[in-house]
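Some notes on the structure that comes next.
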Amino acid sequence: MRFRFCGDLDCPDWVLAEISVLARISSVKLKLICAQVLRELLGETIDVSVPTGNHASSQASALAVMCASVLQYEKILKLTSDAKLESGDVKAAIAVLDFILSNAAKHNVDGESLSSELQQLGLPKEHATGLCRSYEEKQSSLQDSLRAGSLRLSRLDGVSWRVDYALSSSELQEVGEPLVHLLLRVRHREHGEPEAVPMAVSAEKFRVLLAELKQAQALMKTLL
Amino acid sequence: MLLVLSEEQKAHLGCLPRVGGAAIGELGYLAVELLRRGAAPKACEAVARKLNAGVDTVQHGVEGLMYLLTESSKLMISEMDFQDSIHVLGFSDELNKLLLQLYLDNRKEIRSILGELAPKLPSYHSLEWRLDVQLASRSLRQQIKPAVTMKLHLNDNEDLTTQVLQTDPSTLLHLIQQLEQALGEMKTNHYSCMCRSTSVPVGLLTSCPRDPANSEARCYTASTVRFSQHLLAINCIGNVFTKQQCSML
């Protein structure tokens, strides 16, 4: 059986097995758990105050994300406490919801088809419609965050420049040459330090560079 | 097969008859702990004080015993051979029996510890990919040149390393075909006679465009489960390409 939300492939066996766990939770609770999973997928942090400071910021944000996911997991545990599920079942439910929602966004499946496919897999109707309604609300923001997280080799963090004018040198008394100093800050890894690439460009080369980049920008504009 | 013990090792083990039968059990335990967790000088000191012997003697005894046990477990020697090997040390029959019992009790565990010490190739962790189309470059406008960029995440002894690869679609389809053939080999009778969990070594020959003569071979292993996941990931890329190909070209 081919499913659109699995990318026109077979549904993995573990998903089939864990959908029965989802069916045991009430549809209202399922919608609340779904909302929590969506918040985690969108990377929204709960109110955890993060101290600002350059060197600590990346560590602090990583810690905040960890705290946020722990807090969300505890919230989910509280929600499922009266459904009498074991901790393994709760984790399985979170994993299945994560899989369904992120794959549906990945393959651009609309809410209706997702609902019918989930019902084919054995999820009861109210659960499927509730899940798909929450999915449809957040579909575009999910796809935006997935787009931002796609493979990217390196990123330009910033450009600084300076124009100098050489008046005189040991070789020639009146030089009169403008020179552009460029500093490109390139980030190779997501959370790494940006690498500084300095270069000095003479006036003619800079004119050529600018003309070519303007042509490339015009080409990009025709695509947008 | 007989174990050959050097003079130094015989001297180390020579302290064993002096400490007595009950202490052999303690020294044996220390020897296995040495293998499991590494040196424990405090435990050796405690045992030395209890047995009224020098710390050095106890330490040498433990090390000698550890060598005896690891060599015997490594070669998986039979009881007869073990007894013949330690006969040369000239111990009493009772001591020989104790040593044999120690060997037989701990053999399986020592073999599993030794099994983990083998060198490992970097293993597959995950694969990120991206399908790009080059529409224009500085030298040529109005082109269509699809390319797949992949970032291979490898786990090299707890270190996560990455390798970025780029390929055109026909090479990718060839890669998928080769990997599917490899997966197909695992379904043959010959393979199923072998033990159930083996790892699949994968070698990727990549060449740097700046230096085509120098190609780098990237080798990594993937367990059979991970290998099928890996293949599924690459197959997905293949599927995307065949869908887009028709609408673009």
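Letters A, B, ... mark the chains of the structure tokens in the order given; residue numbers begin at 1 per chain; ligand numbers begin at 1, in order shown.
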
For chain B, work out the contacting residues on chain A at 10 Å, counting only C-alpha atoms, and write them as a list in words. Gly7, Asp8, Leu9, Ser150, Leu151, Arg152, Leu153, Glu212, Leu213, Gln215, Ala216, Leu219 and Met220 of chain A

Per DSSP on the backbone, what are the strand (DSSP E or B) residues of stretch 108-221 of chain A, as JSON, numbers by chain? {"A": [155, 156, 157, 158, 159, 160, 161, 162, 163, 164, 165, 166, 177, 178, 179, 180, 181, 182, 183, 184, 185, 186, 187, 195, 196, 197, 198, 199, 200, 201, 202]}

Pick out the residues sitting within 12 Å of B:Leu68, and hand them over as a ChimeraX atom specification; count only C-alpha atoms, and ignore anything fewer than 6 positions along from it in its own chain. /B:2-6,9-10,12-13,28,31-32,61-62,74-77,82-83,85-86,89,99-100,102-103,106-107,110

Pull N, CA, C and O atoms from the residues just selected and write them as a short mmCIF file (atom, residue, chain, number, x, y, z; two decimals), in the first residue's frame.
```cif
data_model
loop_
_atom_site.label_atom_id
_atom_site.label_comp_id
_atom_site.auth_asym_id
_atom_site.auth_seq_id
_atom_site.Cartn_x
_atom_site.Cartn_y
_atom_site.Cartn_z
N LEU B 2 49.55 -24.89 23.08
CA LEU B 2 50.09 -24.59 24.41
C LEU B 2 50.47 -23.13 24.54
O LEU B 2 50.96 -22.52 23.59
N LEU B 3 50.28 -22.61 25.73
CA LEU B 3 50.70 -21.24 25.99
C LEU B 3 52.17 -21.24 26.33
O LEU B 3 52.63 -22.11 27.07
N VAL B 4 52.90 -20.27 25.84
CA VAL B 4 54.31 -20.16 26.22
C VAL B 4 54.44 -18.94 27.11
O VAL B 4 54.10 -17.83 26.72
N LEU B 5 54.93 -19.17 28.34
CA LEU B 5 55.07 -18.05 29.26
C LEU B 5 56.53 -17.66 29.36
O LEU B 5 57.41 -18.51 29.46
N SER B 6 56.79 -16.36 29.34
CA SER B 6 58.19 -15.92 29.43
C SER B 6 58.67 -16.04 30.88
O SER B 6 57.87 -16.24 31.80
N GLN B 9 57.04 -13.60 33.25
CA GLN B 9 55.67 -13.95 33.63
C GLN B 9 55.66 -15.10 34.61
O GLN B 9 54.86 -15.13 35.55
N LYS B 10 56.59 -16.06 34.42
CA LYS B 10 56.65 -17.17 35.37
C LYS B 10 57.00 -16.65 36.75
O LYS B 10 56.44 -17.10 37.76
N HIS B 12 56.32 -13.67 37.92
CA HIS B 12 55.15 -12.97 38.47
C HIS B 12 54.17 -13.97 39.05
O HIS B 12 53.62 -13.77 40.13
N LEU B 13 53.94 -15.04 38.29
CA LEU B 13 52.95 -16.01 38.75
C LEU B 13 53.50 -16.84 39.90
O LEU B 13 52.75 -17.51 40.60
N GLY B 28 42.06 -13.34 41.24
CA GLY B 28 41.38 -13.58 39.97
C GLY B 28 40.36 -12.49 39.70
O GLY B 28 40.25 -11.96 38.58
N ALA B 31 42.05 -9.44 38.62
CA ALA B 31 42.54 -9.54 37.24
C ALA B 31 41.42 -9.23 36.25
O ALA B 31 41.61 -8.51 35.27
N VAL B 32 40.22 -9.78 36.52
CA VAL B 32 39.11 -9.53 35.59
C VAL B 32 38.68 -8.06 35.67
O VAL B 32 38.35 -7.43 34.65
N GLY B 61 51.37 -10.32 40.51
CA GLY B 61 50.57 -11.52 40.46
C GLY B 61 49.29 -11.30 39.67
O GLY B 61 48.90 -12.12 38.83
N VAL B 62 48.65 -10.14 39.94
CA VAL B 62 47.40 -9.83 39.22
C VAL B 62 47.65 -9.69 37.73
O VAL B 62 46.90 -10.20 36.89
N LYS B 74 41.75 -15.74 24.53
CA LYS B 74 41.92 -15.28 23.14
C LYS B 74 42.06 -16.48 22.22
O LYS B 74 41.44 -16.54 21.16
N LEU B 75 42.91 -17.47 22.64
CA LEU B 75 43.16 -18.61 21.78
C LEU B 75 42.12 -19.70 21.96
O LEU B 75 42.11 -20.67 21.20
N MET B 76 41.25 -19.51 22.98
CA MET B 76 40.18 -20.47 23.27
C MET B 76 40.76 -21.88 23.43
O MET B 76 40.33 -22.83 22.78
N ILE B 77 41.78 -21.99 24.31
CA ILE B 77 42.45 -23.28 24.43
C ILE B 77 41.60 -24.22 25.30
O ILE B 77 40.82 -23.79 26.14
N PHE B 82 45.27 -26.02 28.70
CA PHE B 82 45.47 -25.05 29.78
C PHE B 82 46.24 -25.71 30.92
O PHE B 82 47.20 -25.16 31.45
N GLN B 83 45.81 -26.93 31.27
CA GLN B 83 46.48 -27.61 32.37
C GLN B 83 47.93 -27.90 32.04
O GLN B 83 48.82 -27.72 32.88
N SER B 85 49.77 -26.17 30.03
CA SER B 85 50.54 -24.92 30.00
C SER B 85 50.94 -24.49 31.40
O SER B 85 52.04 -24.00 31.60
N ILE B 86 50.00 -24.65 32.39
CA ILE B 86 50.39 -24.15 33.71
C ILE B 86 51.16 -25.21 34.50
O ILE B 86 51.72 -24.92 35.56
N LEU B 89 54.65 -24.39 35.43
CA LEU B 89 54.94 -23.49 36.54
C LEU B 89 55.21 -24.25 37.83
O LEU B 89 55.72 -23.69 38.79
N LEU B 99 42.98 -22.50 39.17
CA LEU B 99 43.26 -21.65 38.01
C LEU B 99 42.38 -22.08 36.84
O LEU B 99 41.84 -21.24 36.10
N LEU B 100 42.23 -23.41 36.67
CA LEU B 100 41.40 -23.90 35.57
C LEU B 100 39.96 -23.43 35.73
O LEU B 100 39.31 -22.98 34.79
N LEU B 102 38.95 -20.80 37.35
CA LEU B 102 38.92 -19.36 37.09
C LEU B 102 38.84 -19.08 35.60
O LEU B 102 38.06 -18.24 35.13
N TYR B 103 39.66 -19.85 34.84
CA TYR B 103 39.67 -19.68 33.38
C TYR B 103 38.30 -19.99 32.79
O TYR B 103 37.73 -19.23 32.02
N ASN B 106 35.48 -17.36 33.63
CA ASN B 106 35.54 -16.01 33.08
C ASN B 106 35.78 -15.95 31.59
O ASN B 106 35.83 -14.88 31.01
N ARG B 107 35.91 -17.13 30.96
CA ARG B 107 36.31 -17.15 29.55
C ARG B 107 35.37 -16.35 28.65
O ARG B 107 35.78 -15.52 27.86
N ILE B 110 35.60 -12.51 29.16
CA ILE B 110 36.85 -11.95 28.65
C ILE B 110 36.80 -11.89 27.13
O ILE B 110 37.25 -10.92 26.52
#
```

Would you please give, as number ranges by chain, all residues of stretch 11-215 of chain A that DSSP assigns to alpha helix (DSSP H) based on the backbone? A: 13-24, 27-41, 54-80, 87-106, 111-120, 125-148, 203-215

Can you pull out every residue within 12 Å of B:Leu30, counting only C-alpha atoms, but drop anything in the same chain fewer than 2 positions away, and send it as a ChimeraX atom specification? /B:23-28,32-48,58-66,69,102

Residues from the last selection, N, CA, C and O atoms, saved as a compact mmCIF listing (two decimals), in the first residue's frame:
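Final file, out_24.txt:
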```
# COMPACT_ATOMS: atom_id res chain seq x y z
N ALA B 23 43.04 -16.72 48.53
CA ALA B 23 43.41 -15.44 47.95
C ALA B 23 43.41 -15.49 46.42
O ALA B 23 43.27 -14.46 45.77
N ILE B 24 43.56 -16.70 45.86
CA ILE B 24 43.57 -16.81 44.39
C ILE B 24 42.28 -16.25 43.83
O ILE B 24 42.27 -15.57 42.81
N GLY B 25 41.17 -16.56 44.55
CA GLY B 25 39.88 -16.06 44.08
C GLY B 25 39.89 -14.54 44.01
O GLY B 25 39.44 -13.93 43.03
N GLU B 26 40.45 -13.89 45.07
CA GLU B 26 40.49 -12.42 45.09
C GLU B 26 41.36 -11.87 43.99
O GLU B 26 41.01 -10.91 43.31
N LEU B 27 42.54 -12.50 43.81
CA LEU B 27 43.44 -12.03 42.76
C LEU B 27 42.80 -12.22 41.39
O LEU B 27 42.95 -11.38 40.50
N GLY B 28 42.06 -13.34 41.24
CA GLY B 28 41.38 -13.58 39.97
C GLY B 28 40.36 -12.49 39.70
O GLY B 28 40.25 -11.96 38.58
N VAL B 32 40.22 -9.78 36.52
CA VAL B 32 39.11 -9.53 35.59
C VAL B 32 38.68 -8.06 35.67
O VAL B 32 38.35 -7.43 34.65
N GLU B 33 38.74 -7.48 36.87
CA GLU B 33 38.40 -6.05 37.02
C GLU B 33 39.38 -5.19 36.25
O GLU B 33 39.03 -4.16 35.67
N LEU B 34 40.65 -5.62 36.22
CA LEU B 34 41.69 -4.89 35.49
C LEU B 34 41.31 -4.83 34.02
O LEU B 34 41.50 -3.82 33.34
N LEU B 35 40.76 -5.94 33.50
CA LEU B 35 40.32 -5.96 32.11
C LEU B 35 39.09 -5.11 31.90
O LEU B 35 38.96 -4.41 30.90
N ARG B 36 38.17 -5.19 32.85
CA ARG B 36 36.90 -4.48 32.66
C ARG B 36 37.07 -2.99 32.78
O ARG B 36 36.55 -2.22 31.99
N ARG B 37 37.77 -2.56 33.84
CA ARG B 37 37.78 -1.13 34.12
C ARG B 37 39.16 -0.49 34.10
O ARG B 37 39.26 0.70 34.24
N GLY B 38 40.21 -1.28 33.99
CA GLY B 38 41.53 -0.66 34.03
C GLY B 38 42.14 -0.82 35.40
O GLY B 38 41.56 -1.43 36.29
N ALA B 39 43.33 -0.25 35.60
CA ALA B 39 44.08 -0.45 36.83
C ALA B 39 43.36 0.11 38.05
O ALA B 39 42.75 1.17 37.98
N ALA B 40 43.43 -0.61 39.16
CA ALA B 40 42.81 -0.16 40.42
C ALA B 40 43.85 -0.32 41.51
O ALA B 40 43.84 -1.30 42.26
N PRO B 41 44.77 0.65 41.64
CA PRO B 41 45.87 0.48 42.60
C PRO B 41 45.39 0.39 44.05
O PRO B 41 45.97 -0.32 44.86
N LYS B 42 44.28 1.08 44.38
CA LYS B 42 43.81 1.05 45.77
C LYS B 42 43.34 -0.35 46.15
O LYS B 42 43.60 -0.82 47.26
N ALA B 43 42.64 -1.01 45.21
CA ALA B 43 42.15 -2.36 45.50
C ALA B 43 43.34 -3.31 45.71
O ALA B 43 43.32 -4.15 46.61
N CYS B 44 44.39 -3.13 44.89
CA CYS B 44 45.60 -3.96 45.05
C CYS B 44 46.22 -3.75 46.40
O CYS B 44 46.63 -4.70 47.08
N GLU B 45 46.25 -2.48 46.84
CA GLU B 45 46.86 -2.18 48.15
C GLU B 45 46.06 -2.84 49.27
O GLU B 45 46.62 -3.41 50.20
N ALA B 46 44.72 -2.78 49.14
CA ALA B 46 43.87 -3.37 50.19
C ALA B 46 44.12 -4.87 50.28
O ALA B 46 44.27 -5.43 51.38
N VAL B 47 44.19 -5.53 49.11
CA VAL B 47 44.42 -6.98 49.10
C VAL B 47 45.80 -7.30 49.66
O VAL B 47 45.98 -8.26 50.42
N ALA B 48 46.79 -6.47 49.32
CA ALA B 48 48.16 -6.71 49.80
C ALA B 48 48.22 -6.64 51.31
O ALA B 48 48.86 -7.47 51.97
N VAL B 58 51.70 -8.36 44.80
CA VAL B 58 50.28 -8.55 44.46
C VAL B 58 49.98 -8.02 43.06
O VAL B 58 49.31 -8.67 42.26
N GLN B 59 50.55 -6.84 42.76
CA GLN B 59 50.29 -6.25 41.44
C GLN B 59 50.84 -7.13 40.32
O GLN B 59 50.16 -7.37 39.32
N HIS B 60 52.06 -7.65 40.53
CA HIS B 60 52.63 -8.53 39.50
C HIS B 60 51.83 -9.80 39.36
O HIS B 60 51.61 -10.30 38.26
N GLY B 61 51.37 -10.32 40.51
CA GLY B 61 50.57 -11.52 40.46
C GLY B 61 49.29 -11.30 39.67
O GLY B 61 48.90 -12.12 38.83
N VAL B 62 48.65 -10.14 39.94
CA VAL B 62 47.40 -9.83 39.22
C VAL B 62 47.65 -9.69 37.73
O VAL B 62 46.90 -10.20 36.89
N GLU B 63 48.76 -9.00 37.40
CA GLU B 63 49.05 -8.80 35.97
C GLU B 63 49.37 -10.12 35.28
O GLU B 63 48.93 -10.38 34.16
N GLY B 64 50.15 -10.98 35.98
CA GLY B 64 50.48 -12.28 35.40
C GLY B 64 49.23 -13.11 35.19
O GLY B 64 49.05 -13.75 34.14
N LEU B 65 48.35 -13.07 36.18
CA LEU B 65 47.10 -13.81 36.08
C LEU B 65 46.25 -13.29 34.94
O LEU B 65 45.63 -14.04 34.19
N MET B 66 46.23 -11.97 34.78
CA MET B 66 45.45 -11.35 33.71
C MET B 66 45.99 -11.79 32.35
O MET B 66 45.24 -12.12 31.44
N LEU B 69 44.94 -15.39 31.73
CA LEU B 69 43.53 -15.51 31.38
C LEU B 69 43.23 -14.97 29.98
O LEU B 69 42.51 -15.59 29.20
N LEU B 102 38.95 -20.80 37.35
CA LEU B 102 38.92 -19.36 37.09
C LEU B 102 38.84 -19.08 35.60
O LEU B 102 38.06 -18.24 35.13
```

Restricting the calculation to only C-alpha atoms, which member of B:Leu152, B:Asn157, B:Arg49, B:Thr70 is positioned closest to B:Gly115?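 Ranked by minimum distance to B:Gly115, first place goes to B:Thr70.
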
Provide the atom CA of A:Ala95 to atom CA of A:Ile19 distance in Å, to one decimal place.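 Answer for the atom CA of A:Ala95 to atom CA of A:Ile19 separation: 10.6 Å.
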
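Straight-line separation from atom CA of A:Val197 to atom CA of A:Leu182: 8.1 Å.
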
Quick one: of B:Asn235, B:Ser78, B:Asn189, B:Ser126, who's nearest to B:Pro169, counting only C-alpha atoms? B:Asn235

Fewer than 6 positions away in the same chain doesn't count, so skip those; otherwise give me all residues within 12 Å of B:Asp159, counting only C-alpha atoms, as a compact mmCIF listing (two decimals) with all heavy atoms, in the first residue's frame.
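Listed below is the output, result.txt:
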```txt
# COMPACT_ATOMS: atom_id res chain seq x y z
N LEU B 121 35.94 0.88 11.60
CA LEU B 121 35.86 1.93 10.58
C LEU B 121 34.79 2.92 11.03
O LEU B 121 33.93 2.57 11.81
CB LEU B 121 35.43 1.32 9.25
CG LEU B 121 36.45 0.57 8.44
CD1 LEU B 121 35.79 0.00 7.21
CD2 LEU B 121 37.56 1.51 8.03
N PRO B 122 34.84 4.15 10.51
CA PRO B 122 33.74 5.06 10.85
C PRO B 122 32.41 4.50 10.37
O PRO B 122 32.34 3.89 9.31
CB PRO B 122 34.09 6.35 10.08
CG PRO B 122 35.21 6.04 9.20
CD PRO B 122 35.86 4.81 9.67
N SER B 123 31.39 4.65 11.19
CA SER B 123 30.11 4.05 10.83
C SER B 123 29.11 5.11 10.42
O SER B 123 29.19 6.27 10.84
CB SER B 123 29.56 3.23 12.00
OG SER B 123 29.25 4.08 13.06
N TYR B 124 28.16 4.71 9.60
CA TYR B 124 27.15 5.61 9.03
C TYR B 124 26.25 6.14 10.12
O TYR B 124 25.78 5.40 10.97
CB TYR B 124 26.34 4.82 8.01
CG TYR B 124 25.10 5.52 7.52
CD1 TYR B 124 25.19 6.58 6.63
CD2 TYR B 124 23.85 5.12 7.94
CE1 TYR B 124 24.06 7.21 6.18
CE2 TYR B 124 22.72 5.75 7.50
CZ TYR B 124 22.82 6.80 6.61
OH TYR B 124 21.71 7.43 6.17
N HIS B 125 26.01 7.46 10.11
CA HIS B 125 25.11 8.05 11.08
C HIS B 125 23.85 8.56 10.41
O HIS B 125 22.76 8.14 10.72
CB HIS B 125 25.84 9.19 11.83
CG HIS B 125 25.04 9.76 12.92
ND1 HIS B 125 24.42 10.99 12.85
CD2 HIS B 125 24.72 9.27 14.13
CE1 HIS B 125 23.78 11.22 13.96
NE2 HIS B 125 23.95 10.19 14.77
N HIS B 153 27.00 12.06 7.30
CA HIS B 153 27.43 12.18 8.69
C HIS B 153 27.95 10.84 9.15
O HIS B 153 27.22 9.84 9.07
CB HIS B 153 26.26 12.59 9.59
CG HIS B 153 25.79 13.97 9.32
ND1 HIS B 153 26.20 15.06 10.06
CD2 HIS B 153 24.94 14.46 8.40
CE1 HIS B 153 25.62 16.14 9.59
NE2 HIS B 153 24.85 15.82 8.59
```

May I ask for the distance between atom CA of B:Asp105 and atom CA of B:Lys120, given in Å to one decimal place?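 Calculated distance between atom CA of B:Asp105 and atom CA of B:Lys120 is 28.5 Å.
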